[in-house]
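Before any comments, here is the structure.
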Amino acid sequence: MNRQTRRILVAAGLPLLLATGCSSAAEVSGGSDGSSDDAAYSYTSDQDGVEQLPGEEMASELGDVEASEDYRVGVILKALTNQYWQGIEKGAEAAAEHYGIEVTVQSASSESAQTEQLTIAQTMTGQNYDAYVVAPESTSNLTPALRAMQSQGAPVVNVDDARVPATVYVGPDHESNGIQAAEEFAALYPDGAKVAQVEGQAGSSAAILRIKGYQEGVEQTGNLDLVASVPGDWDPDKAFSAAQQIIQQHPDVKGIYANNDTMAIGVAKAVSASGKDIAVVGTDGVPEAVAGVRNGAMTATVSPLPYWEGYWAVEAAVRLLEGQDVAPWVVAPAQLITADNVDEFYDADGQVLTDLFE
Amino acid sequence: MSQSTLTPPESATPTSGGGTSVDLRGLAGRAARQGGLIVVIIALVAGFGIARPFFLDPTNLMNVLLQAAVVGILALGQTYVLLTGGIDLSIGSTVAVTAVSAGLFAQQVPAPLAILLAIGVGALCGLANGLLITVTGITPFIVTLGTMSIYAGLALIIAGGQAVYGIPVAFENALAGGVAGIPIPVFLFVVLTVVSALVLKYTIFGEYLIAIGGNSEVARLAGIRVGQHTATAYVVAGAAAGLCGAILTARLGAADPTLGADLLLTAIAATVMGGTKLAGGQGSMAGAAFGAIIIATLTAGLTSLNVQAFYQQVAVGAAIILALLVDQVARSRKA
């Protein structure tokens, strides 16, 4: 059903894409002679209102591309302790294999190791990669490294979470994650219901935007009532106790949205312990949450399909190096995954299908 | 205070026996240890340089020093505290509070004043720690564990949960710029290391800290104002964290209220690697500085070899234990 929806959207958007795609198509031929060194890249992907391009349409809009050189791409991620980031890493490596280029993936040891990640990024810029893919821990912790990348004249692709000045940003609209969750509750409870939220780490940009999106979504639906919004710090244990508290204080709560799946799993445990019928929606689409959606512990998760974010990030880097003009925001989907459509996106192990958009 | 010149600290220091010859031996041992740390740094740099020639690039080496500077300055502050037998777990959060403060001050007042105010905020955080510890008698571990959480929360509250942007260029240049190719933070790091080493070796304050850490009861009986000097050590650690907060805000061009979480343990690691005892009474400022440089070199070098972060953590941990093991062996041989 969702696939069909997308096809319709693609068809509807085609004339628009053709219009915006003309200039870039012209540059494809111009850049294929390997004159990418002369290309001047802009680093303005974090500005408001930049041109968008759905990730799954990048190939159809920009056409096939081949790496004319053995490019080296340096990939700096947040932390590979979360399956979400492992998904991005896998996608980046798959794209590198597809284009026959070399990627080096490095990450910090945790999602709060801001200065450690800067040290790693600075060292990587010292090795003069042809292009960089970065997922900073915060909007500011990699600033000196990003400046160094810019002065090297290398294209910078910013992936997922914190948005920084880069050539292209590949990532979801975090706000729409929250909106999707609210809309799912509205669809489940057309007669209105009390809903709650377990928030991600205070200060994290993903958390800020998802909280905002969810609040706005709840308001827009009109008949939902947000009775509690409590911090869970991306932590499953904290989310578990937060959910217990919510259920105790508001016995008639009907739905809880957790800002990510790690927390949603904790919330689902608290819900099943309470024996009540409460819908749990998460965000990310990590394997455990996908399993939860399959066995009914969770109602849904909103996933930007991290594997594809990583894939598109490296693909965008290759296209930029080949002189193509890639839209400053390659939008990762805010795909609602429910028991009805889970098999369209995930295999039995909860891994995103790698042939989804090929 | 004036009656306790040099005698009380010496008698209070439990350096097995007391007396000049032992102290000299201790000094020689410490000098040998610093030499050992320098050899380790040279070996690491040479090793990484052979594997990855770009590593020896002056830009890269300066970069490593720049990374070491913040951790190093924090480690110097922590050394003052560890000398007294205490510990300050709140320095990472103090960095967050002061980074945000520096960012907000910089928008209102001239850069030098904003830097001083940030250091002042750090010193206040340290003073709160010091007073809580010395007045209530609650152990430093517990007090600073509490303030670690309080300061982390304050940083988020002050910043309204989001990074502070719009840092004036003048402020960035005041701390992120360089003089004769040497980044200002590196320059400050070197100066503060030398000053701290001199304070520890040649001032009464340094001797008192060692005496308090050796045996605070004996120090008290010898007439040392234990509470006052202990609290001062926390103020120094807080001020050092304040400077680091200002440096990070200037370098990053923004102040993130969640900054600094990974700095605490790295700073303590650098301190103990440099030969400072967690039990107090013994420590080295130069050692803390070298420890910070070793950790930064390891992180940068292993990154250049494409070693993943998980393995890097193992390597840094192993380096800490190895450094202390070598120290132990060297000590037992001398004994």
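Residues are named by chain letter and number: chains run A, B, ... in the order of the structure tokens, numbers start at 1 in each chain, and ligands are numbered from 1 in the order shown.
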
Check your understanding: Mind checking DSSP for range 120-212 of chain A and telling me the alpha helix (DSSP H) residues as a PyMOL selection string?
Key -> chain A and resi 120-125+143-151+174-188+205-212

Grab the residues selected above and save them as a compact mmCIF listing (two decimals), in the first residue's frame with N, CA and C atoms.
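Once written, part_18.txt looks like this:
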```txt
# COMPACT_ATOMS: atom_id res chain seq x y z
N ILE A 120 39.01 12.71 16.14
CA ILE A 120 38.97 11.73 15.05
C ILE A 120 38.78 12.45 13.71
N ALA A 121 37.86 13.41 13.68
CA ALA A 121 37.58 14.12 12.43
C ALA A 121 38.78 14.93 11.97
N GLN A 122 39.45 15.58 12.93
CA GLN A 122 40.63 16.38 12.58
C GLN A 122 41.70 15.49 11.97
N THR A 123 41.90 14.31 12.57
CA THR A 123 42.92 13.41 12.04
C THR A 123 42.54 12.93 10.65
N MET A 124 41.26 12.69 10.43
CA MET A 124 40.84 12.23 9.11
C MET A 124 41.02 13.33 8.06
N THR A 125 40.72 14.57 8.43
CA THR A 125 40.92 15.64 7.44
C THR A 125 42.40 15.77 7.08
N THR A 143 33.00 21.78 14.17
CA THR A 143 33.22 23.01 13.39
C THR A 143 34.65 23.15 12.84
N PRO A 144 35.70 23.01 13.66
CA PRO A 144 37.05 23.19 13.10
C PRO A 144 37.36 22.18 11.99
N ALA A 145 36.91 20.95 12.16
CA ALA A 145 37.17 19.92 11.14
C ALA A 145 36.40 20.24 9.86
N LEU A 146 35.16 20.72 10.00
CA LEU A 146 34.36 21.07 8.82
C LEU A 146 35.01 22.22 8.05
N ARG A 147 35.57 23.18 8.82
CA ARG A 147 36.26 24.29 8.15
C ARG A 147 37.45 23.77 7.36
N ALA A 148 38.17 22.82 7.95
CA ALA A 148 39.34 22.25 7.27
C ALA A 148 38.90 21.54 5.99
N MET A 149 37.79 20.80 6.06
CA MET A 149 37.28 20.10 4.88
C MET A 149 36.92 21.10 3.78
N GLN A 150 36.31 22.21 4.21
CA GLN A 150 35.92 23.23 3.23
C GLN A 150 37.14 23.86 2.59
N SER A 151 38.18 24.10 3.39
CA SER A 151 39.36 24.74 2.81
C SER A 151 40.10 23.78 1.89
N HIS A 174 13.13 15.35 10.82
CA HIS A 174 12.81 14.80 12.15
C HIS A 174 11.44 15.22 12.63
N GLU A 175 11.04 16.44 12.26
CA GLU A 175 9.73 16.91 12.69
C GLU A 175 8.63 16.00 12.16
N SER A 176 8.81 15.56 10.90
CA SER A 176 7.75 14.73 10.32
C SER A 176 7.70 13.35 10.96
N ASN A 177 8.83 12.91 11.60
CA ASN A 177 8.78 11.68 12.39
C ASN A 177 7.72 11.82 13.47
N GLY A 178 7.79 12.94 14.19
CA GLY A 178 6.85 13.16 15.28
C GLY A 178 5.43 13.32 14.76
N ILE A 179 5.29 14.04 13.63
CA ILE A 179 3.96 14.24 13.05
C ILE A 179 3.34 12.90 12.66
N GLN A 180 4.16 12.05 12.01
CA GLN A 180 3.69 10.72 11.61
C GLN A 180 3.15 9.94 12.79
N ALA A 181 3.91 10.01 13.92
CA ALA A 181 3.49 9.27 15.11
C ALA A 181 2.13 9.76 15.59
N ALA A 182 1.97 11.10 15.62
CA ALA A 182 0.69 11.67 16.06
C ALA A 182 -0.43 11.24 15.12
N GLU A 183 -0.14 11.25 13.82
CA GLU A 183 -1.18 10.87 12.86
C GLU A 183 -1.59 9.41 13.00
N GLU A 184 -0.60 8.56 13.34
CA GLU A 184 -0.91 7.15 13.55
C GLU A 184 -1.87 6.98 14.74
N PHE A 185 -1.62 7.73 15.82
CA PHE A 185 -2.52 7.66 16.96
C PHE A 185 -3.92 8.17 16.58
N ALA A 186 -3.93 9.24 15.79
CA ALA A 186 -5.22 9.81 15.37
C ALA A 186 -6.00 8.80 14.55
N ALA A 187 -5.29 8.04 13.71
CA ALA A 187 -5.96 7.02 12.89
C ALA A 187 -6.46 5.87 13.75
N LEU A 188 -5.66 5.52 14.78
CA LEU A 188 -6.05 4.42 15.66
C LEU A 188 -7.26 4.78 16.51
N SER A 205 19.43 17.59 18.69
CA SER A 205 18.56 18.23 17.70
C SER A 205 17.46 17.30 17.22
N ALA A 206 17.77 15.99 17.11
CA ALA A 206 16.72 15.05 16.70
C ALA A 206 15.57 15.06 17.70
N ALA A 207 15.94 15.08 18.99
CA ALA A 207 14.92 15.09 20.04
C ALA A 207 14.08 16.36 19.98
N ILE A 208 14.77 17.49 19.86
CA ILE A 208 14.06 18.78 19.84
C ILE A 208 13.02 18.79 18.71
N LEU A 209 13.45 18.34 17.52
CA LEU A 209 12.56 18.40 16.36
C LEU A 209 11.43 17.38 16.44
N ARG A 210 11.75 16.17 16.95
CA ARG A 210 10.68 15.16 17.04
C ARG A 210 9.64 15.57 18.08
N ILE A 211 10.12 16.13 19.20
CA ILE A 211 9.18 16.59 20.23
C ILE A 211 8.26 17.65 19.63
N LYS A 212 8.88 18.59 18.93
CA LYS A 212 8.11 19.68 18.31
C LYS A 212 7.10 19.12 17.31
```

Exercise for review: Step one, run DSSP on the backbone; step two, keep only residues of range 85-212 of chain B assigned to strand (DSSP E or B); then write them as a PyMOL selection string.
Suggested key: chain B and resi 164+178-179+182-183

Practice item. For chain B, list the residues within 7 Å of chain A, counting only C-alpha atoms, and write the list as a list of chain:residue names. Key: B:Phe54, B:Asn60, B:Gln67, B:Gly161, B:Gln162, B:Arg251, B:Leu252, B:Ala254, B:Asp256, B:Thr258, B:Leu259, B:Ala261, B:Asp262, B:Ala300, B:Thr303, B:Ser304, B:Gln308, B:Ala309, B:Phe310

Practice item. With a distance cut-off of 9 Å and only C-alpha atoms, select the neighbouring residues of Val342 in chain A, excluding the residue or stretch itself and same-chain residues fewer than 3 positions from it, and output the selection as an MDAnalysis selection string. Key: chainID A and resid 290 293:294 337:339 345:347

Selected residues written out with C-alpha atoms, as a PDB file, in the first residue's frame:
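And here is the file that came out, selection_12.pdb:
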```
ATOM      1  CA  VAL A 290      10.875  -4.206  13.847  1.00  0.00           C
ATOM      2  CA  VAL A 293       6.090  -4.373  15.408  1.00  0.00           C
ATOM      3  CA  ARG A 294       5.857  -7.922  14.025  1.00  0.00           C
ATOM      4  CA  ILE A 337       6.339   0.767   9.610  1.00  0.00           C
ATOM      5  CA  THR A 338       3.335  -1.187  10.858  1.00  0.00           C
ATOM      6  CA  ALA A 339       2.466  -4.874  11.028  1.00  0.00           C
ATOM      7  CA  PHE A 345      10.764  -2.991   4.062  1.00  0.00           C
ATOM      8  CA  TYR A 346      12.466  -5.481   6.358  1.00  0.00           C
ATOM      9  CA  ASP A 347      13.704  -9.059   6.056  1.00  0.00           C
TER      10      ASP A 347
END
```

Review point. Could you name the residues that touch range 317-332 of chain B at 12 Å or less, counting only C-alpha atoms, but leaving out those on the same chain fewer than 5 positions away, as an NGL selection string?
Key: :B and (25-26 or 28-41 or 44 or 265-278 or 287-288 or 290-292 or 294-299 or 310-312)

Generate the output file for the selected residues, N, CA and C atoms, as a CSV table (one decimal), in the first residue's frame.
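Heads up, here's the output in part_27.csv:
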```csv
chain,number,residue,atom,x,y,z
B,25,ARG,N,65.5,11.0,46.4
B,25,ARG,CA,65.3,9.8,45.6
B,25,ARG,C,63.9,9.9,44.9
B,26,GLY,N,62.9,10.4,45.7
B,26,GLY,CA,61.6,10.5,45.1
B,26,GLY,C,61.6,11.4,43.9
B,28,ALA,N,64.2,12.1,42.0
B,28,ALA,CA,64.9,11.5,40.9
B,28,ALA,C,64.0,10.5,40.2
B,29,GLY,N,63.2,9.8,41.0
B,29,GLY,CA,62.3,8.8,40.5
B,29,GLY,C,61.3,9.4,39.6
B,30,ARG,N,60.8,10.6,40.1
B,30,ARG,CA,59.7,11.3,39.3
B,30,ARG,C,60.3,11.8,38.0
B,31,ALA,N,61.5,12.3,38.1
B,31,ALA,CA,62.2,12.9,36.9
B,31,ALA,C,62.3,11.7,35.9
B,32,ALA,N,62.7,10.6,36.4
B,32,ALA,CA,62.9,9.4,35.5
B,32,ALA,C,61.6,9.1,34.8
B,33,ARG,N,60.5,9.2,35.6
B,33,ARG,CA,59.2,8.9,35.1
B,33,ARG,C,58.8,9.8,34.0
B,34,GLN,N,59.0,11.1,34.3
B,34,GLN,CA,58.6,12.1,33.2
B,34,GLN,C,59.4,11.8,32.0
B,35,GLY,N,60.7,11.5,32.1
B,35,GLY,CA,61.5,11.1,31.0
B,35,GLY,C,60.9,9.9,30.3
B,36,GLY,N,60.4,9.0,31.0
B,36,GLY,CA,59.8,7.8,30.4
B,36,GLY,C,58.6,8.2,29.6
B,37,LEU,N,57.8,9.1,30.1
B,37,LEU,CA,56.6,9.5,29.4
B,37,LEU,C,57.0,10.2,28.1
B,38,ILE,N,58.1,11.0,28.1
B,38,ILE,CA,58.5,11.7,26.9
B,38,ILE,C,58.9,10.7,25.9
B,39,VAL,N,59.7,9.7,26.4
B,39,VAL,CA,60.1,8.6,25.4
B,39,VAL,C,58.9,7.9,24.8
B,40,VAL,N,57.8,7.7,25.6
B,40,VAL,CA,56.6,7.1,25.1
B,40,VAL,C,56.0,7.9,24.0
B,41,ILE,N,56.0,9.3,24.3
B,41,ILE,CA,55.4,10.2,23.3
B,41,ILE,C,56.2,10.2,22.0
B,44,LEU,N,55.6,6.9,20.2
B,44,LEU,CA,54.3,6.9,19.5
B,44,LEU,C,54.2,7.7,18.2
B,265,LEU,N,36.6,11.6,32.3
B,265,LEU,CA,37.4,10.4,32.5
B,265,LEU,C,38.7,10.5,31.8
B,266,THR,N,38.7,11.2,30.6
B,266,THR,CA,40.0,11.4,29.9
B,266,THR,C,41.0,12.2,30.7
B,267,ALA,N,40.4,13.2,31.3
B,267,ALA,CA,41.3,14.1,32.1
B,267,ALA,C,41.9,13.3,33.3
B,268,ILE,N,41.0,12.5,34.0
B,268,ILE,CA,41.5,11.7,35.1
B,268,ILE,C,42.5,10.7,34.7
B,269,ALA,N,42.3,10.1,33.5
B,269,ALA,CA,43.2,9.1,33.0
B,269,ALA,C,44.5,9.8,32.7
B,270,ALA,N,44.5,11.0,32.1
B,270,ALA,CA,45.8,11.7,31.9
B,270,ALA,C,46.5,12.0,33.2
B,271,THR,N,45.8,12.4,34.2
B,271,THR,CA,46.4,12.7,35.5
B,271,THR,C,47.0,11.5,36.1
B,272,VAL,N,46.3,10.4,36.2
B,272,VAL,CA,46.9,9.2,36.8
B,272,VAL,C,48.1,8.6,36.0
B,273,MET,N,47.9,8.7,34.7
B,273,MET,CA,49.0,8.3,33.8
B,273,MET,C,50.3,9.0,34.1
B,274,GLY,N,50.1,10.3,34.5
B,274,GLY,CA,51.3,11.1,34.8
B,274,GLY,C,51.9,10.9,36.1
B,275,GLY,N,51.3,9.9,36.9
B,275,GLY,CA,51.9,9.6,38.1
B,275,GLY,C,51.3,10.2,39.4
B,276,THR,N,50.1,10.8,39.2
B,276,THR,CA,49.4,11.3,40.4
B,276,THR,C,48.6,10.2,41.0
B,277,LYS,N,48.7,10.1,42.4
B,277,LYS,CA,48.1,9.1,43.1
B,277,LYS,C,46.6,9.5,43.4
B,278,LEU,N,45.7,8.6,43.2
B,278,LEU,CA,44.3,8.9,43.5
B,278,LEU,C,44.1,9.0,45.0
B,287,GLY,N,53.6,15.5,34.5
B,287,GLY,CA,53.1,14.1,34.2
B,287,GLY,C,51.7,14.2,33.6
B,288,ALA,N,50.8,15.0,34.2
B,288,ALA,CA,49.4,15.2,33.8
B,288,ALA,C,49.4,15.7,32.3
B,290,PHE,N,51.8,15.4,30.1
B,290,PHE,CA,52.3,14.4,29.2
B,290,PHE,C,51.3,13.3,29.0
B,291,GLY,N,50.6,13.0,30.1
B,291,GLY,CA,49.5,12.0,30.0
B,291,GLY,C,48.4,12.4,28.9
B,292,ALA,N,48.1,13.7,29.0
B,292,ALA,CA,47.1,14.3,28.0
B,292,ALA,C,47.6,14.2,26.6
B,294,ILE,N,49.8,12.0,25.5
B,294,ILE,CA,49.8,10.6,25.1
B,294,ILE,C,48.5,10.1,24.6
B,295,ILE,N,47.4,10.5,25.4
B,295,ILE,CA,46.1,10.1,25.0
B,295,ILE,C,45.7,10.7,23.7
B,296,ALA,N,45.9,12.0,23.5
B,296,ALA,CA,45.6,12.6,22.2
B,296,ALA,C,46.3,12.0,21.1
B,297,THR,N,47.6,11.7,21.3
B,297,THR,CA,48.4,11.1,20.2
B,297,THR,C,47.9,9.7,19.9
B,298,LEU,N,47.5,8.9,20.9
B,298,LEU,CA,47.0,7.6,20.7
B,298,LEU,C,45.7,7.7,19.9
B,299,THR,N,44.8,8.6,20.3
B,299,THR,CA,43.5,8.7,19.6
B,299,THR,C,43.7,9.1,18.1
B,310,PHE,N,36.0,1.6,19.2
B,310,PHE,CA,35.9,0.6,20.3
B,310,PHE,C,37.3,0.1,20.6
B,311,TYR,N,38.1,-0.2,19.6
B,311,TYR,CA,39.5,-0.7,19.9
B,311,TYR,C,40.3,0.4,20.5
B,312,GLN,N,40.1,1.7,20.1
B,312,GLN,CA,40.8,2.8,20.6
B,312,GLN,C,40.6,2.9,22.1
```

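Proximity ranking of A:Gly100, A:Val271, A:Tyr41, A:Gln220 relative to Ala67 in chain A places A:Gly100 first, based on only C-alpha atoms.
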
Practice item. Could you tell me how far CA of Leu65 in chain B lies from CA of Val316 in chain B, in Å and to one decimal? Key: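 Computing the Euclidean distance for CA of Leu65 in chain B and CA of Val316 in chain B yields 16.8 Å.
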
Got a sec: who's within 12 Å of Glu102 in chain A, counting only C-alpha atoms, leaving out chain neighbours fewer than 4 positions off, as a PDB file with N, CA and C atoms, in the first residue's frame?
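around_39.pdb written:
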```
ATOM      1  N   ALA A  67      32.033   6.100 -10.880  1.00  0.00           N
ATOM      2  CA  ALA A  67      33.181   6.789 -10.306  1.00  0.00           C
ATOM      3  C   ALA A  67      34.327   6.717 -11.303  1.00  0.00           C
ATOM      4  N   GLU A  69      37.295   7.817 -10.849  1.00  0.00           N
ATOM      5  CA  GLU A  69      38.579   7.590 -10.176  1.00  0.00           C
ATOM      6  C   GLU A  69      38.337   6.700  -8.965  1.00  0.00           C
ATOM      7  N   ASP A  70      39.426   6.202  -8.373  1.00  0.00           N
ATOM      8  CA  ASP A  70      39.300   5.441  -7.131  1.00  0.00           C
ATOM      9  C   ASP A  70      39.196   6.415  -5.972  1.00  0.00           C
ATOM     10  N   TYR A  71      38.032   7.014  -5.850  1.00  0.00           N
ATOM     11  CA  TYR A  71      37.858   8.021  -4.810  1.00  0.00           C
ATOM     12  C   TYR A  71      38.022   7.422  -3.424  1.00  0.00           C
ATOM     13  N   ARG A  72      38.531   8.243  -2.507  1.00  0.00           N
ATOM     14  CA  ARG A  72      38.583   7.860  -1.091  1.00  0.00           C
ATOM     15  C   ARG A  72      37.613   8.775  -0.338  1.00  0.00           C
ATOM     16  N   VAL A  73      36.671   8.167   0.354  1.00  0.00           N
ATOM     17  CA  VAL A  73      35.686   8.951   1.094  1.00  0.00           C
ATOM     18  C   VAL A  73      35.833   8.659   2.590  1.00  0.00           C
ATOM     19  N   GLY A  74      36.011   9.700   3.369  1.00  0.00           N
ATOM     20  CA  GLY A  74      36.120   9.547   4.820  1.00  0.00           C
ATOM     21  C   GLY A  74      34.740   9.707   5.461  1.00  0.00           C
ATOM     22  N   VAL A  75      34.335   8.701   6.217  1.00  0.00           N
ATOM     23  CA  VAL A  75      33.013   8.727   6.843  1.00  0.00           C
ATOM     24  C   VAL A  75      33.179   8.817   8.364  1.00  0.00           C
ATOM     25  N   ALA A  92      26.647   2.741   3.738  1.00  0.00           N
ATOM     26  CA  ALA A  92      27.784   3.469   3.172  1.00  0.00           C
ATOM     27  C   ALA A  92      28.750   2.491   2.516  1.00  0.00           C
ATOM     28  N   GLU A  93      28.982   1.352   3.181  1.00  0.00           N
ATOM     29  CA  GLU A  93      29.919   0.376   2.633  1.00  0.00           C
ATOM     30  C   GLU A  93      29.355  -0.296   1.384  1.00  0.00           C
ATOM     31  N   ALA A  94      28.036  -0.514   1.399  1.00  0.00           N
ATOM     32  CA  ALA A  94      27.411  -1.125   0.221  1.00  0.00           C
ATOM     33  C   ALA A  94      27.533  -0.201  -0.987  1.00  0.00           C
ATOM     34  N   ALA A  95      27.330   1.101  -0.766  1.00  0.00           N
ATOM     35  CA  ALA A  95      27.440   2.061  -1.857  1.00  0.00           C
ATOM     36  C   ALA A  95      28.871   2.118  -2.374  1.00  0.00           C
ATOM     37  N   ALA A  96      29.837   2.064  -1.443  1.00  0.00           N
ATOM     38  CA  ALA A  96      31.245   2.099  -1.848  1.00  0.00           C
ATOM     39  C   ALA A  96      31.560   0.904  -2.743  1.00  0.00           C
ATOM     40  N   GLU A  97      31.019  -0.254  -2.371  1.00  0.00           N
ATOM     41  CA  GLU A  97      31.264  -1.452  -3.173  1.00  0.00           C
ATOM     42  C   GLU A  97      30.616  -1.294  -4.547  1.00  0.00           C
ATOM     43  N   HIS A  98      29.408  -0.750  -4.550  1.00  0.00           N
ATOM     44  CA  HIS A  98      28.691  -0.571  -5.807  1.00  0.00           C
ATOM     45  C   HIS A  98      29.455   0.339  -6.756  1.00  0.00           C
ATOM     46  N   TYR A 129      40.976  13.273   2.285  1.00  0.00           N
ATOM     47  CA  TYR A 129      40.049  12.433   1.515  1.00  0.00           C
ATOM     48  C   TYR A 129      39.454  13.258   0.380  1.00  0.00           C
ATOM     49  N   ASP A 130      38.939  12.556  -0.629  1.00  0.00           N
ATOM     50  CA  ASP A 130      38.337  13.271  -1.755  1.00  0.00           C
ATOM     51  C   ASP A 130      37.002  13.881  -1.354  1.00  0.00           C
ATOM     52  N   ALA A 131      36.313  13.200  -0.442  1.00  0.00           N
ATOM     53  CA  ALA A 131      35.024  13.699   0.029  1.00  0.00           C
ATOM     54  C   ALA A 131      34.815  13.193   1.454  1.00  0.00           C
ATOM     55  N   TYR A 132      33.928  13.865   2.157  1.00  0.00           N
ATOM     56  CA  TYR A 132      33.661  13.457   3.538  1.00  0.00           C
ATOM     57  C   TYR A 132      32.159  13.264   3.756  1.00  0.00           C
ATOM     58  N   VAL A 314      26.875   8.240   0.516  1.00  0.00           N
ATOM     59  CA  VAL A 314      28.063   7.944  -0.296  1.00  0.00           C
ATOM     60  C   VAL A 314      27.742   8.151  -1.780  1.00  0.00           C
ATOM     61  N   ALA A 317      28.049  11.711  -2.461  1.00  0.00           N
ATOM     62  CA  ALA A 317      29.459  12.122  -2.504  1.00  0.00           C
ATOM     63  C   ALA A 317      30.049  11.808  -3.883  1.00  0.00           C
ATOM     64  N   VAL A 318      29.752  10.604  -4.393  1.00  0.00           N
ATOM     65  CA  VAL A 318      30.266  10.210  -5.714  1.00  0.00           C
ATOM     66  C   VAL A 318      29.716  11.148  -6.790  1.00  0.00           C
TER      67      VAL A 318
END
```
